[in-house]
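Novice: Structure in structure tokens, see below.
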Amino acid sequence: MKTYQKKPDNTDSVFRVHLRPKWGKMHLDEITTQAVAKWLAEKRDAGLAPATVEKIRIVFNRSFELALKWGTAGVKVNPVRGIPRPKFSNARERFLSSKEAGKLLAAVAASPNPQLRNIVGLLLYTGARKNELLQAQWQHVDLERKVWFIPTSKTGKSRHVPLSQPALDIIDQLPRFDKCPWLLPNPETRKPYGDIKRAWTTAREEAGMPDLHLHDLRHSAASFMINAGIDLFAVGRILGHADHQSTMRYSHLANDTLRKAVEAGAAKMNVGWAGQPAA
């Protein structure tokens with residue numbers, strides 16, 4: 001499956017941690033729908049995140065579908081196919097305030113990781129996904145046009161991300177390394193960071209925000225844009241959402257902007273409709 005998967009290591013982890021210990025010693029035709037449904041329910045009851053349990057179900061289901069397609073011996077049915085996807089909301093409601101953004105800046109600036117400040121800053125200014133930024137290359141940044149081209153993303157589509165002046169200011173002072181194509185490489189290895197979890201965890205705790213996830217920076221970027229009066233369609237284009245529904249999760253954040261709009265309209269009308277109550 002590694003030939004077409006973007007992140008085969010994630011699938012390998014599901015097999016190694018969850019599927020193989022439970023089902024590895026059983027014949028494929030011994031695995032029943034009832035047994036799989038009960039097992040997944042036990043995973044949820046044990047406190048595993050709903051999104052993680054859903055990932056396990058998807059990988060298990062896809063494995064049987066491929067086994068059927070390839071005519072694997074012993075596989076006549078897919079026992080996972082009849083198990084419904086449980087309804088759950090994986091959306092987080094964590095957005096940085098301007099004050100919190102300032103505290104976070106101080107914390108990441110003090111990090112031993114010399115690139116953390118640049119990475120966090122560009123995540124907030126662009127709304128990009130972490131891996132999109134860690135894999136960014138100089139050849140895709142057009143400083144003259146003030147745009148960053150992302151050749152591939154989670155949705156499988158490329159997109160152009162406009163760069164604000166603050167984002168350009170960060171890029172302008174980034175260190176450049178000879179024959180290194182990466183925008184934000186590890187200065188020691190000259191290769192992209194595989195992860196920045198340790199430095200990020202330390203910084204967010206120093207900032208007094210242990211609940212802040214790195215992906216919340218993307219949500220915060222959307223929040224700041226929407227509350228600056230930018231419409232949802234434009235925000236969705238910048239973030240690279242596959243459909244409008246993905247952007248609608250931020251619609252409630254526009255309340256302040258919408259209220260300012262009706263207040264401005266009423267002030268422009270300059271007519272007091274609220275008179276004395278009727279006798």
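Chain labels run A, B, ... following the order of the structure tokens; each chain numbers its residues from 1, and ligands are numbered from 1 in the order shown.
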Can you list, as a list of chain:residue names, every residue of region 110-176 of chain A that DSSP puts in alpha helix (DSSP H)?
Specialist: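 After running DSSP on the backbone, region 110-176 of chain A has alpha helix (DSSP H) at A:Leu116, A:Arg117, A:Asn118, A:Ile119, A:Val120, A:Gly121, A:Leu122, A:Leu123, A:Leu124, A:Tyr125, A:Thr126, A:Lys130, A:Asn131, A:Glu132, A:Leu133, A:Leu134, A:Gln165, A:Pro166, A:Ala167, A:Leu168, A:Asp169, A:Ile170, A:Ile171, A:Asp172.
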Novice: Could you write those residues out with N, CA and C atoms, as a PDB file, in the first residue's frame?
Specialist:
ATOM      1  N   LEU A 116      11.886  27.554  15.422  1.00  0.00           N
ATOM      2  CA  LEU A 116      10.525  27.461  15.947  1.00  0.00           C
ATOM      3  C   LEU A 116       9.776  28.780  15.811  1.00  0.00           C
ATOM      4  N   ARG A 117      10.441  29.880  16.105  1.00  0.00           N
ATOM      5  CA  ARG A 117       9.778  31.184  15.981  1.00  0.00           C
ATOM      6  C   ARG A 117       9.321  31.415  14.536  1.00  0.00           C
ATOM      7  N   ASN A 118      10.161  31.084  13.578  1.00  0.00           N
ATOM      8  CA  ASN A 118       9.812  31.272  12.167  1.00  0.00           C
ATOM      9  C   ASN A 118       8.669  30.362  11.740  1.00  0.00           C
ATOM     10  N   ILE A 119       8.713  29.118  12.194  1.00  0.00           N
ATOM     11  CA  ILE A 119       7.681  28.150  11.823  1.00  0.00           C
ATOM     12  C   ILE A 119       6.324  28.564  12.379  1.00  0.00           C
ATOM     13  N   VAL A 120       6.285  28.882  13.666  1.00  0.00           N
ATOM     14  CA  VAL A 120       5.019  29.263  14.303  1.00  0.00           C
ATOM     15  C   VAL A 120       4.482  30.559  13.687  1.00  0.00           C
ATOM     16  N   GLY A 121       5.371  31.508  13.445  1.00  0.00           N
ATOM     17  CA  GLY A 121       4.944  32.770  12.845  1.00  0.00           C
ATOM     18  C   GLY A 121       4.325  32.578  11.474  1.00  0.00           C
ATOM     19  N   LEU A 122       4.953  31.767  10.638  1.00  0.00           N
ATOM     20  CA  LEU A 122       4.433  31.546   9.283  1.00  0.00           C
ATOM     21  C   LEU A 122       3.156  30.708   9.291  1.00  0.00           C
ATOM     22  N   LEU A 123       3.022  29.799  10.261  1.00  0.00           N
ATOM     23  CA  LEU A 123       1.765  29.062  10.384  1.00  0.00           C
ATOM     24  C   LEU A 123       0.617  30.013  10.697  1.00  0.00           C
ATOM     25  N   LEU A 124       0.867  30.975  11.556  1.00  0.00           N
ATOM     26  CA  LEU A 124      -0.174  31.939  11.925  1.00  0.00           C
ATOM     27  C   LEU A 124      -0.468  32.928  10.796  1.00  0.00           C
ATOM     28  N   TYR A 125       0.541  33.320  10.066  1.00  0.00           N
ATOM     29  CA  TYR A 125       0.342  34.312   9.004  1.00  0.00           C
ATOM     30  C   TYR A 125      -0.224  33.720   7.719  1.00  0.00           C
ATOM     31  N   THR A 126      -0.045  32.405   7.507  1.00  0.00           N
ATOM     32  CA  THR A 126      -0.501  31.792   6.256  1.00  0.00           C
ATOM     33  C   THR A 126      -1.678  30.846   6.435  1.00  0.00           C
ATOM     34  N   LYS A 130       0.948  22.153   9.055  1.00  0.00           N
ATOM     35  CA  LYS A 130       2.328  21.996   9.533  1.00  0.00           C
ATOM     36  C   LYS A 130       3.227  21.351   8.476  1.00  0.00           C
ATOM     37  N   ASN A 131       2.795  20.225   7.915  1.00  0.00           N
ATOM     38  CA  ASN A 131       3.646  19.515   6.958  1.00  0.00           C
ATOM     39  C   ASN A 131       3.838  20.301   5.670  1.00  0.00           C
ATOM     40  N   GLU A 132       2.844  21.091   5.287  1.00  0.00           N
ATOM     41  CA  GLU A 132       2.992  21.929   4.101  1.00  0.00           C
ATOM     42  C   GLU A 132       4.147  22.914   4.296  1.00  0.00           C
ATOM     43  N   LEU A 133       4.237  23.476   5.502  1.00  0.00           N
ATOM     44  CA  LEU A 133       5.289  24.459   5.765  1.00  0.00           C
ATOM     45  C   LEU A 133       6.646  23.789   5.958  1.00  0.00           C
ATOM     46  N   LEU A 134       6.687  22.673   6.676  1.00  0.00           N
ATOM     47  CA  LEU A 134       7.970  22.006   6.915  1.00  0.00           C
ATOM     48  C   LEU A 134       8.585  21.483   5.620  1.00  0.00           C
ATOM     49  N   GLN A 165       2.736  41.113   4.343  1.00  0.00           N
ATOM     50  CA  GLN A 165       4.035  41.731   4.585  1.00  0.00           C
ATOM     51  C   GLN A 165       4.721  41.158   5.827  1.00  0.00           C
ATOM     52  N   PRO A 166       3.979  40.942   6.945  1.00  0.00           N
ATOM     53  CA  PRO A 166       4.631  40.301   8.098  1.00  0.00           C
ATOM     54  C   PRO A 166       5.205  38.923   7.777  1.00  0.00           C
ATOM     55  N   ALA A 167       4.500  38.153   6.920  1.00  0.00           N
ATOM     56  CA  ALA A 167       5.024  36.843   6.523  1.00  0.00           C
ATOM     57  C   ALA A 167       6.283  37.005   5.676  1.00  0.00           C
ATOM     58  N   LEU A 168       6.267  37.982   4.779  1.00  0.00           N
ATOM     59  CA  LEU A 168       7.444  38.261   3.950  1.00  0.00           C
ATOM     60  C   LEU A 168       8.622  38.719   4.800  1.00  0.00           C
ATOM     61  N   ASP A 169       8.337  39.467   5.865  1.00  0.00           N
ATOM     62  CA  ASP A 169       9.408  39.921   6.754  1.00  0.00           C
ATOM     63  C   ASP A 169      10.104  38.733   7.423  1.00  0.00           C
ATOM     64  N   ILE A 170       9.312  37.719   7.799  1.00  0.00           N
ATOM     65  CA  ILE A 170       9.906  36.514   8.380  1.00  0.00           C
ATOM     66  C   ILE A 170      10.768  35.802   7.342  1.00  0.00           C
ATOM     67  N   ILE A 171      10.220  35.621   6.156  1.00  0.00           N
ATOM     68  CA  ILE A 171      10.943  34.919   5.099  1.00  0.00           C
ATOM     69  C   ILE A 171      12.229  35.655   4.730  1.00  0.00           C
ATOM     70  N   ASP A 172      12.162  36.975   4.733  1.00  0.00           N
ATOM     71  CA  ASP A 172      13.325  37.777   4.355  1.00  0.00           C
ATOM     72  C   ASP A 172      14.512  37.559   5.285  1.00  0.00           C
TER      73      ASP A 172
END
Novice: Can you pull out every residue within 9 Å of region 49-62 of chain A, counting only C-alpha atoms, but drop anything in the same chain fewer than 5 positions away, and send it as a tab-separated table (two decimals) with C-alpha atoms, in the first residue's frame?
Specialist:
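selection-v2.tsv written:
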chain	number	residue	atom	x	y	z
A	11	THR	CA	-1.19	2.78	8.41
A	14	VAL	CA	-2.47	1.05	13.06
A	15	PHE	CA	-1.49	-2.48	12.05
A	18	HIS	CA	-4.06	-2.22	17.09
A	19	LEU	CA	-4.84	-4.78	14.39
A	36	VAL	CA	-15.08	-6.35	15.14
A	40	LEU	CA	-14.18	-1.08	18.24
A	41	ALA	CA	-16.76	-0.24	20.93
A	43	LYS	CA	-11.65	0.83	22.07
A	44	ARG	CA	-13.98	3.83	22.45
A	67	ALA	CA	-8.11	-8.63	-0.02
A	78	ASN	CA	-15.59	-7.99	4.45
A	79	PRO	CA	-16.71	-8.20	8.10
A	80	VAL	CA	-16.02	-4.50	8.64
A	81	ARG	CA	-18.22	-3.25	5.80
A	83	ILE	CA	-20.22	-1.58	10.79
A	85	ARG	CA	-19.41	4.99	11.16
A	86	PRO	CA	-20.28	6.51	14.55
A	88	PHE	CA	-18.76	12.38	16.34
A	89	SER	CA	-17.37	15.87	16.06
A	90	ASN	CA	-13.62	16.13	15.78
Novice: Name all residues at most 9 Å from Leu174 (chain A) (count only C-alpha atoms; drop same-chain ones fewer than 6 positions away) and give them as a PyMOL selection string.
Specialist: chain A and resi 115+118+183-184
Novice: Select, from A:Ala101, A:Val161, A:Leu48, A:Leu68, the residue with the minimum atom-to-atom distance to Ala207 (chain A), counting only C-alpha atoms.
Specialist: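 Residue with the minimum atom-to-atom distance to Ala207 (chain A): A:Ala101.
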Novice: Mind pulling up the distance from CA of Ala234 (chain A) to CA of Pro151 (chain A)?
Specialist: 19.5 Å
Novice: Between A:Val147, A:Ala199, A:Ala222, A:Met209, which is the closest to Val235 (chain A) once you count only C-alpha atoms?
Specialist: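 Using only C-alpha atoms, the shortest distance to Val235 (chain A) belongs to A:Ala222.
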